[in-house]
file data.tsv (TSV, C-alpha atoms)
chain	number	residue	atom	x	y	z
A	683	MET	CA	-32.47	23.74	12.20
A	684	THR	CA	-28.90	25.01	11.80
A	685	SER	CA	-28.92	26.63	15.25
A	686	GLY	CA	-30.24	23.40	16.78
A	687	ARG	CA	-27.47	21.35	15.16
A	688	ALA	CA	-24.90	23.86	16.33
A	689	ARG	CA	-26.18	23.56	19.92
A	690	ALA	CA	-26.04	19.76	19.67
A	691	GLN	CA	-22.43	19.88	18.48
A	692	ALA	CA	-21.55	22.33	21.26
A	693	TRP	CA	-22.95	19.88	23.81
A	694	LEU	CA	-20.87	17.03	22.37
A	695	CYS	CA	-17.72	19.13	22.32
A	696	GLU	CA	-18.22	20.16	25.94
A	697	HIS	CA	-18.45	16.54	27.03
A	698	LEU	CA	-15.48	15.51	24.87
A	699	LYS	CA	-13.50	18.58	26.02
A	700	LEU	CA	-13.03	19.72	22.43
A	701	ASP	CA	-12.87	23.17	20.91
A	702	PHE	CA	-14.54	22.44	17.58
A	703	PRO	CA	-16.74	25.18	16.04
A	704	TYR	CA	-19.85	24.44	14.04
A	705	VAL	CA	-19.23	24.51	10.25
A	706	SER	CA	-21.75	24.07	7.45
A	707	MET	CA	-20.50	22.06	4.46
A	708	GLY	CA	-23.59	22.23	2.27
A	709	ARG	CA	-26.20	19.56	2.90
A	710	VAL	CA	-24.06	18.22	5.75
A	711	ASP	CA	-22.35	19.97	8.61
A	712	SER	CA	-19.74	19.37	11.28
A	713	LEU	CA	-22.25	17.64	13.55
A	714	HIS	CA	-22.29	14.72	11.12
A	715	LEU	CA	-18.63	14.16	12.03
A	716	PHE	CA	-19.76	13.02	15.50
A	717	ALA	CA	-22.33	10.47	14.24
A	718	GLU	CA	-22.09	6.78	13.40
A	719	PRO	CA	-19.96	5.31	11.91
A	720	GLU	CA	-17.42	7.96	13.00
A	721	THR	CA	-17.83	7.16	16.69
A	722	GLN	CA	-16.95	3.52	16.02
A	723	ILE	CA	-13.65	4.72	14.57
A	724	PHE	CA	-13.06	6.99	17.59
A	725	ALA	CA	-13.40	3.91	19.81
A	726	ILE	CA	-10.71	2.13	17.79
A	727	TYR	CA	-8.30	5.03	18.37
A	728	ALA	CA	-8.89	4.82	22.12
A	729	ALA	CA	-8.57	1.03	22.21
A	730	HIS	CA	-5.09	1.09	20.66
A	731	ARG	CA	-3.48	3.68	22.92
A	732	GLY	CA	0.00	2.50	23.83
A	733	LYS	CA	0.10	0.11	20.85
A	734	TRP	CA	0.46	2.57	17.96
A	735	LYS	CA	2.92	5.44	17.68
A	736	ASN	CA	2.68	6.92	14.17
A	737	VAL	CA	-0.65	7.38	12.41
A	738	VAL	CA	-1.89	8.92	9.16
A	739	ASP	CA	-5.17	10.77	8.63
A	740	ILE	CA	-6.00	10.62	4.90
A	741	GLY	CA	-8.90	12.92	4.13
A	742	ALA	CA	-8.59	14.87	7.37
A	743	ASN	CA	-11.46	17.27	6.62
A	744	LEU	CA	-11.77	19.71	9.57
A	745	GLY	CA	-9.31	17.78	11.71
A	746	LEU	CA	-11.57	15.98	14.20
A	747	HIS	CA	-9.94	12.58	13.72
A	748	SER	CA	-6.45	14.09	13.86
A	749	ILE	CA	-7.28	15.86	17.12
A	750	LEU	CA	-8.63	12.71	18.73
A	751	MET	CA	-5.65	10.63	17.56
A	752	ALA	CA	-3.28	13.27	18.94
A	753	ARG	CA	-5.20	13.19	22.22
A	754	CYS	CA	-4.54	9.44	22.29
A	755	GLY	CA	-0.80	10.20	22.19
A	756	TYR	CA	-0.10	9.37	18.54
A	757	ASN	CA	2.15	11.28	16.15
A	758	VAL	CA	-0.16	12.27	13.29
A	759	LYS	CA	0.37	13.14	9.64
A	760	ALA	CA	-2.85	14.74	8.37
A	761	TYR	CA	-3.65	15.34	4.69
A	762	GLU	CA	-6.54	17.48	3.44
A	763	PRO	CA	-6.61	18.88	-0.12
A	764	ASP	CA	-9.56	21.27	0.20
A	765	PHE	CA	-8.16	24.74	0.91
A	766	LYS	CA	-11.10	25.91	3.05
A	767	HIS	CA	-11.18	22.72	5.08
A	768	PHE	CA	-7.43	22.88	5.52
A	769	ASP	CA	-7.56	26.41	6.97
A	770	GLN	CA	-10.21	25.28	9.46
A	771	LEU	CA	-8.20	22.14	10.24
A	772	VAL	CA	-5.14	24.20	11.17
A	773	ALA	CA	-7.25	26.50	13.36
A	774	ASN	CA	-8.85	23.51	15.09
A	775	LEU	CA	-5.48	21.89	15.80
A	776	GLU	CA	-4.26	25.10	17.42
A	777	ALA	CA	-7.47	25.61	19.40
A	778	ASN	CA	-7.13	22.10	20.84
A	779	HIS	CA	-3.37	22.51	21.52
A	780	VAL	CA	-2.33	19.48	19.45
A	781	GLN	CA	-0.45	21.23	16.64
A	782	ASP	CA	2.86	19.90	17.98
A	783	ARG	CA	1.65	16.31	17.51
A	784	VAL	CA	0.02	16.79	14.10
A	785	HIS	CA	1.90	17.56	10.90
A	786	ALA	CA	-0.78	18.91	8.55
A	787	ALA	CA	-0.37	19.20	4.77
A	788	MET	CA	-2.76	20.65	2.19
A	789	ALA	CA	-2.51	17.75	-0.26
A	790	ALA	CA	-4.32	14.66	-1.46
A	791	VAL	CA	-2.74	11.28	-0.78
A	792	HIS	CA	-2.53	9.27	-4.01
A	793	THR	CA	-0.22	6.74	-5.64
A	794	LYS	CA	2.59	9.19	-6.45
A	795	ASN	CA	3.81	12.72	-5.82
A	796	GLY	CA	2.58	15.30	-8.29
A	797	GLU	CA	-0.65	17.15	-9.02
A	798	ALA	CA	-4.23	16.10	-9.77
A	799	ASN	CA	-7.61	17.61	-10.51
A	800	PHE	CA	-9.74	17.80	-7.39
A	801	VAL	CA	-13.52	18.15	-7.53
A	802	ARG	CA	-15.17	20.30	-4.86
A	803	VAL	CA	-18.85	19.32	-4.50
A	804	MET	CA	-20.32	22.63	-3.45
A	805	ASN	CA	-23.53	21.32	-1.88
A	806	ASN	CA	-21.71	18.56	0.03
A	807	LEU	CA	-18.06	19.39	0.64
A	808	THR	CA	-17.52	16.12	2.51
A	809	GLY	CA	-17.95	14.47	-0.91
A	810	ASN	CA	-14.96	16.22	-2.50
A	811	HIS	CA	-12.83	13.80	-4.50
A	812	LEU	CA	-10.02	13.34	-6.97
A	813	GLU	CA	-11.36	13.58	-10.50
A	814	GLY	CA	-12.24	10.22	-12.04
A	815	PHE	CA	-12.63	8.27	-8.79
A	816	LYS	CA	-16.23	9.08	-7.90
A	817	ASP	CA	-19.46	10.20	-9.54
A	818	SER	CA	-20.79	13.42	-8.04
A	819	TYR	CA	-23.75	15.63	-8.83
A	820	GLY	CA	-24.90	19.18	-8.34
A	821	PRO	CA	-22.74	22.32	-8.44
A	822	ARG	CA	-19.02	21.56	-8.58
A	823	GLU	CA	-15.72	23.24	-9.19
A	824	THR	CA	-12.43	21.65	-10.17
A	825	VAL	CA	-9.10	22.83	-8.79
A	826	VAL	CA	-5.57	21.47	-9.06
A	827	VAL	CA	-4.09	20.10	-5.83
A	828	PRO	CA	-0.71	18.60	-4.93
A	829	THR	CA	-0.58	14.85	-4.37
A	830	VAL	CA	1.59	12.88	-1.95
A	831	GLY	CA	2.61	9.33	-2.77
A	832	CYS	CA	1.19	6.81	-0.31
A	833	ARG	CA	3.97	4.20	-0.27
A	834	PRO	CA	6.33	6.05	2.14
A	835	LEU	CA	3.37	6.59	4.47
A	836	TRP	CA	2.76	2.84	4.73
A	837	SER	CA	6.38	2.36	5.77
A	838	TRP	CA	6.17	5.08	8.43
A	839	ALA	CA	2.77	4.47	9.97
A	840	ASP	CA	1.42	1.95	12.43
A	841	PHE	CA	-2.11	2.94	11.45
A	842	ALA	CA	-3.93	4.84	8.71
A	843	LYS	CA	-7.46	6.23	8.63
A	844	ILE	CA	-8.54	6.54	4.99
A	845	ASP	CA	-11.55	8.59	3.94
A	846	SER	CA	-10.54	9.54	0.42
A	847	GLU	CA	-13.88	9.44	-1.42
A	848	GLY	CA	-13.21	6.87	-4.10
A	849	ASN	CA	-9.47	6.32	-4.52
A	850	GLU	CA	-9.14	4.07	-1.45
A	851	ALA	CA	-8.61	0.94	-3.57
A	852	ALA	CA	-5.90	2.67	-5.61
A	853	LEU	CA	-4.13	3.47	-2.34
A	854	LEU	CA	-4.51	0.14	-0.59
A	855	THR	CA	-3.52	-2.01	-3.55
A	856	THR	CA	-0.04	-0.45	-3.34
A	857	THR	CA	0.53	-2.11	0.05
A	858	THR	CA	2.95	-5.03	0.37
A	859	LEU	CA	3.41	-7.96	2.72
A	860	ARG	CA	6.10	-5.99	4.52
A	861	ASP	CA	3.72	-3.09	5.13
A	862	TRP	CA	1.18	-5.34	6.82
A	863	GLU	CA	3.77	-6.60	9.29
A	864	HIS	CA	3.13	-3.36	11.23
A	865	LEU	CA	0.27	-1.50	9.51
A	866	SER	CA	-3.43	-1.43	10.39
A	867	VAL	CA	-6.06	0.56	8.48
A	868	VAL	CA	-9.60	1.80	8.89
A	869	VAL	CA	-11.10	2.70	5.53
A	870	GLU	CA	-14.41	3.98	4.18
A	871	VAL	CA	-15.21	1.94	1.04
A	872	ARG	CA	-17.26	3.88	-1.50
A	873	ASN	CA	-18.43	1.39	-4.14
A	874	GLU	CA	-18.53	-2.24	-5.25
A	875	ALA	CA	-15.49	-1.97	-7.53
A	876	ASN	CA	-13.33	-0.68	-4.68
A	877	ALA	CA	-14.70	-3.33	-2.34
A	878	LEU	CA	-13.74	-6.07	-4.82
A	879	ALA	CA	-10.24	-4.67	-5.44
A	880	ILE	CA	-9.49	-4.31	-1.71
A	881	TYR	CA	-10.92	-7.74	-0.90
A	882	ARG	CA	-8.86	-9.48	-3.60
A	883	HIS	CA	-5.67	-7.66	-2.60
A	884	CYS	CA	-6.03	-8.53	1.08
A	885	LEU	CA	-6.96	-12.10	0.23
A	886	GLU	CA	-3.85	-12.45	-1.92
A	887	LEU	CA	-1.63	-11.08	0.86
A	888	GLU	CA	-3.53	-13.06	3.53
A	889	VAL	CA	-4.31	-9.93	5.52
A	890	PRO	CA	-7.48	-10.30	7.60
A	891	MET	CA	-10.33	-7.79	7.49
A	892	TRP	CA	-13.10	-6.93	9.95
A	893	SER	CA	-16.34	-5.25	8.89
A	894	ALA	CA	-18.58	-2.84	10.79
A	895	LYS	CA	-21.29	-4.12	8.47
A	896	ARG	CA	-21.08	-7.43	10.38
A	897	ASP	CA	-20.71	-5.92	13.85
A	898	TRP	CA	-16.90	-6.11	13.49
A	899	ALA	CA	-16.83	-9.82	12.70
A	900	GLU	CA	-13.95	-11.01	10.54
A	901	VAL	CA	-14.65	-10.88	6.81
A	902	SER	CA	-15.19	-14.34	5.31
A	903	ASN	CA	-16.44	-13.42	1.82
A	904	LEU	CA	-16.90	-10.45	-0.49
A	905	GLY	CA	-20.45	-9.94	0.73
A	906	ASP	CA	-19.10	-8.98	4.16
A	907	VAL	CA	-17.10	-6.04	2.77
A	908	PRO	CA	-18.73	-2.57	2.96
A	909	LYS	CA	-19.67	-1.17	-0.44
A	910	ALA	CA	-20.96	2.27	0.58
A	911	ASN	CA	-20.51	4.77	3.38
A	912	ARG	CA	-23.78	3.66	5.00
A	913	ASP	CA	-22.28	0.17	5.55
A	914	GLY	CA	-19.69	1.55	7.96
A	915	PRO	CA	-15.91	1.20	7.78
A	916	LEU	CA	-13.60	-1.73	7.13
A	917	TYR	CA	-10.68	-2.54	9.43
A	918	ILE	CA	-7.64	-4.26	7.91
A	919	GLY	CA	-4.59	-5.61	9.74
A	920	ARG	CA	-2.87	-8.58	11.31
A	921	LYS	CA	-4.43	-7.71	14.66
A	922	GLY	CA	-8.14	-7.06	14.95
A	923	PRO	CA	-9.90	-3.85	15.94
call {"tool": "encode", "arguments": {"input": "data.tsv", "output": "structure tokens"}}
result
Amino acid sequence: MTSGRARAQAWLCEHLKLDFPYVSMGRVDSLHLFAEPETQIFAIYAAHRGKWKNVVDIGANLGLHSILMARCGYNVKAYEPDFKHFDQLVANLEANHVQDRVHAAMAAVHTKNGEANFVRVMNNLTGNHLEGFKDSYGPRETVVVPTVGCRPLWSWADFAKIDSEGNEAALLTTTTLRDWEHLSVVVEVRNEANALAIYRHCLELEVPMWSAKRDWAEVSNLGDVPKANRDGPLYIGRKGP
């Protein structure tokens, strides 16, 4: 099975002109990074070429999104707190000749600079998360990672991709009206509490949302907001996806 998945990823990389080696991450692997809803997000990157300049990849994992955003001509700040993923991310940036466009940092993006406990979910490393923001099961280890405050990133970026496994509401509720004058976001929403907090914050600031759950129709009520990864991402911004 593993060899078959590796061959499938190799085929995709050949057609996308990527140098992206197969990596197992427990129950999931790097081939999952090319599946829905990821490809919907890739299409958003391509659609906004020439409109965005500076972008942030929060939860960069192995660097696939950062590579594709760099290929679209964006200046990228990529943040990945897992030390093994970060090493592979750096290697992938260099293999795809985009390291000059991507500033990579081994850190978690949170509400302030500092340190935090980070849970590595050993049988599903894509589910790694800051302690206290997500329930996880199976074998785990906890390490201390540096954190980078999100507020300066909102001021700098035209766009942010957020896949932070549970603390997405904590990040997005720091945004202000001024941020949304230029900022757009694609975010994976992990649970109902985060969906409610994000929905209320955007409603208060009158920032529109579009949901993959509704075939990218504009959100009109809380029921339209994704509440789990399987629902697909949420797009937030003054201009639609």
call {"tool": "atom_distance", "arguments": {"input": "data.tsv", "atom1": "atom CA of A:Asp764", "atom2": "atom CA of A:Gln722"}}
result
24.9 Å
call {"tool": "atom_distance", "arguments": {"input": "data.tsv", "atom1": "atom CA of A:Gly905", "atom2": "atom CA of A:Leu715"}}
result
26.7 Å
call {"tool": "closest_residue", "arguments": {"input": "data.tsv", "among": "A:Val827, A:Val705, A:Leu750, A:Val868", "to": "A:Trp898", "atoms": "all atoms listed in the file"}}
result
A:Val868
call {"tool": "atom_distance", "arguments": {"input": "data.tsv", "atom1": "atom CA of A:Gln781", "atom2": "atom CA of A:Tyr704"}}
result
19.8 Å
call {"tool": "closest_atom_pairs", "arguments": {"input": "data.tsv", "of": "stretch 743-812 of chain A", "to": "stretch 856-863 of chain A", "cutoff": "12 Å", "atoms": "all atoms listed in the file", "output": "tab-separated table"}}
result
residue	atom	partner	partner_atom	distance
A:His792	CA	A:Thr856	CA	10.1
A:Thr793	CA	A:Thr856	CA	7.6
A:Lys794	CA	A:Thr856	CA	10.5
call {"tool": "write_last_selection", "arguments": {"input": "data.tsv", "atoms": "C-alpha atoms", "output": "PDB file, in the coordinates of the input"}}
result
ATOM      1  CA  HIS A 792      -2.530   9.270  -4.010  1.00  0.00           C
ATOM      2  CA  THR A 793      -0.220   6.740  -5.640  1.00  0.00           C
ATOM      3  CA  LYS A 794       2.590   9.190  -6.450  1.00  0.00           C
TER       4      LYS A 794
END
call {"tool": "residues_around", "arguments": {"input": "data.tsv", "residues": "A:Trp836", "least_positions_apart": "4", "cutoff": "12 Å", "atoms": "only C-alpha atoms", "output": "PyMOL selection string"}}
result
chain A and resi 736-740+759+791+793+831-832+840-844+853-867
call {"tool": "residues_around", "arguments": {"input": "data.tsv", "residues": "A:Tyr917", "least_positions_apart": "3", "cutoff": "7 Å", "atoms": "all atoms listed in the file", "output": "short mmCIF file (atom, residue, chain, number, x, y, z; two decimals) with C-alpha atoms, in the coordinates of the input"}}
result
data_model
loop_
_atom_site.label_atom_id
_atom_site.label_comp_id
_atom_site.auth_asym_id
_atom_site.auth_seq_id
_atom_site.Cartn_x
_atom_site.Cartn_y
_atom_site.Cartn_z
CA VAL A 867 -6.06 0.56 8.48
CA VAL A 868 -9.60 1.80 8.89
CA VAL A 869 -11.10 2.70 5.53
CA MET A 891 -10.33 -7.79 7.49
CA TRP A 892 -13.10 -6.93 9.95
CA SER A 893 -16.34 -5.25 8.89
CA PRO A 923 -9.90 -3.85 15.94
#
call {"tool": "build_atoms", "arguments": {"input": "data.tsv", "residues": "stretch 872-890 of chain A", "atoms": "N, CA and C atoms", "output": "PDB file, in the coordinates of the input"}}
result
ATOM      1  N   ARG A 872     -16.216   3.082  -0.872  1.00  0.00           N
ATOM      2  CA  ARG A 872     -17.260   3.880  -1.500  1.00  0.00           C
ATOM      3  C   ARG A 872     -18.111   3.150  -2.534  1.00  0.00           C
ATOM      4  N   ASN A 873     -17.631   2.043  -3.099  1.00  0.00           N
ATOM      5  CA  ASN A 873     -18.430   1.390  -4.140  1.00  0.00           C
ATOM      6  C   ASN A 873     -18.015  -0.072  -4.282  1.00  0.00           C
ATOM      7  N   GLU A 874     -18.762  -0.804  -5.102  1.00  0.00           N
ATOM      8  CA  GLU A 874     -18.530  -2.240  -5.250  1.00  0.00           C
ATOM      9  C   GLU A 874     -17.184  -2.539  -5.900  1.00  0.00           C
ATOM     10  N   ALA A 875     -16.774  -1.718  -6.864  1.00  0.00           N
ATOM     11  CA  ALA A 875     -15.490  -1.970  -7.530  1.00  0.00           C
ATOM     12  C   ALA A 875     -14.336  -1.841  -6.543  1.00  0.00           C
ATOM     13  N   ASN A 876     -14.377  -0.839  -5.686  1.00  0.00           N
ATOM     14  CA  ASN A 876     -13.330  -0.680  -4.680  1.00  0.00           C
ATOM     15  C   ASN A 876     -13.375  -1.817  -3.671  1.00  0.00           C
ATOM     16  N   ALA A 877     -14.576  -2.221  -3.276  1.00  0.00           N
ATOM     17  CA  ALA A 877     -14.700  -3.330  -2.340  1.00  0.00           C
ATOM     18  C   ALA A 877     -14.063  -4.588  -2.904  1.00  0.00           C
ATOM     19  N   LEU A 878     -14.309  -4.877  -4.180  1.00  0.00           N
ATOM     20  CA  LEU A 878     -13.740  -6.070  -4.820  1.00  0.00           C
ATOM     21  C   LEU A 878     -12.228  -5.981  -4.903  1.00  0.00           C
ATOM     22  N   ALA A 879     -11.698  -4.813  -5.293  1.00  0.00           N
ATOM     23  CA  ALA A 879     -10.240  -4.670  -5.440  1.00  0.00           C
ATOM     24  C   ALA A 879      -9.542  -4.819  -4.088  1.00  0.00           C
ATOM     25  N   ILE A 880     -10.090  -4.220  -3.052  1.00  0.00           N
ATOM     26  CA  ILE A 880      -9.490  -4.310  -1.710  1.00  0.00           C
ATOM     27  C   ILE A 880      -9.578  -5.743  -1.191  1.00  0.00           C
ATOM     28  N   TYR A 881     -10.728  -6.367  -1.370  1.00  0.00           N
ATOM     29  CA  TYR A 881     -10.920  -7.740  -0.900  1.00  0.00           C
ATOM     30  C   TYR A 881      -9.919  -8.692  -1.576  1.00  0.00           C
ATOM     31  N   ARG A 882      -9.779  -8.587  -2.883  1.00  0.00           N
ATOM     32  CA  ARG A 882      -8.860  -9.480  -3.600  1.00  0.00           C
ATOM     33  C   ARG A 882      -7.410  -9.243  -3.181  1.00  0.00           C
ATOM     34  N   HIS A 883      -7.040  -7.975  -2.985  1.00  0.00           N
ATOM     35  CA  HIS A 883      -5.670  -7.660  -2.600  1.00  0.00           C
ATOM     36  C   HIS A 883      -5.356  -8.223  -1.215  1.00  0.00           C
ATOM     37  N   CYS A 884      -6.264  -8.023  -0.278  1.00  0.00           N
ATOM     38  CA  CYS A 884      -6.030  -8.530   1.080  1.00  0.00           C
ATOM     39  C   CYS A 884      -6.057 -10.051   1.115  1.00  0.00           C
ATOM     40  N   LEU A 885      -6.915 -10.648   0.303  1.00  0.00           N
ATOM     41  CA  LEU A 885      -6.960 -12.100   0.230  1.00  0.00           C
ATOM     42  C   LEU A 885      -5.650 -12.657  -0.304  1.00  0.00           C
ATOM     43  N   GLU A 886      -5.119 -11.998  -1.331  1.00  0.00           N
ATOM     44  CA  GLU A 886      -3.850 -12.450  -1.920  1.00  0.00           C
ATOM     45  C   GLU A 886      -2.710 -12.348  -0.922  1.00  0.00           C
ATOM     46  N   LEU A 887      -2.696 -11.277  -0.116  1.00  0.00           N
ATOM     47  CA  LEU A 887      -1.630 -11.080   0.860  1.00  0.00           C
ATOM     48  C   LEU A 887      -1.928 -11.763   2.202  1.00  0.00           C
ATOM     49  N   GLU A 888      -3.090 -12.382   2.303  1.00  0.00           N
ATOM     50  CA  GLU A 888      -3.530 -13.060   3.530  1.00  0.00           C
ATOM     51  C   GLU A 888      -3.563 -12.107   4.715  1.00  0.00           C
ATOM     52  N   VAL A 889      -4.113 -10.930   4.465  1.00  0.00           N
ATOM     53  CA  VAL A 889      -4.310  -9.930   5.520  1.00  0.00           C
ATOM     54  C   VAL A 889      -5.772  -9.965   5.926  1.00  0.00           C
ATOM     55  N   PRO A 890      -6.077 -10.221   7.183  1.00  0.00           N
ATOM     56  CA  PRO A 890      -7.480 -10.300   7.600  1.00  0.00           C
ATOM     57  C   PRO A 890      -8.166  -8.947   7.626  1.00  0.00           C
TER      58      PRO A 890
END
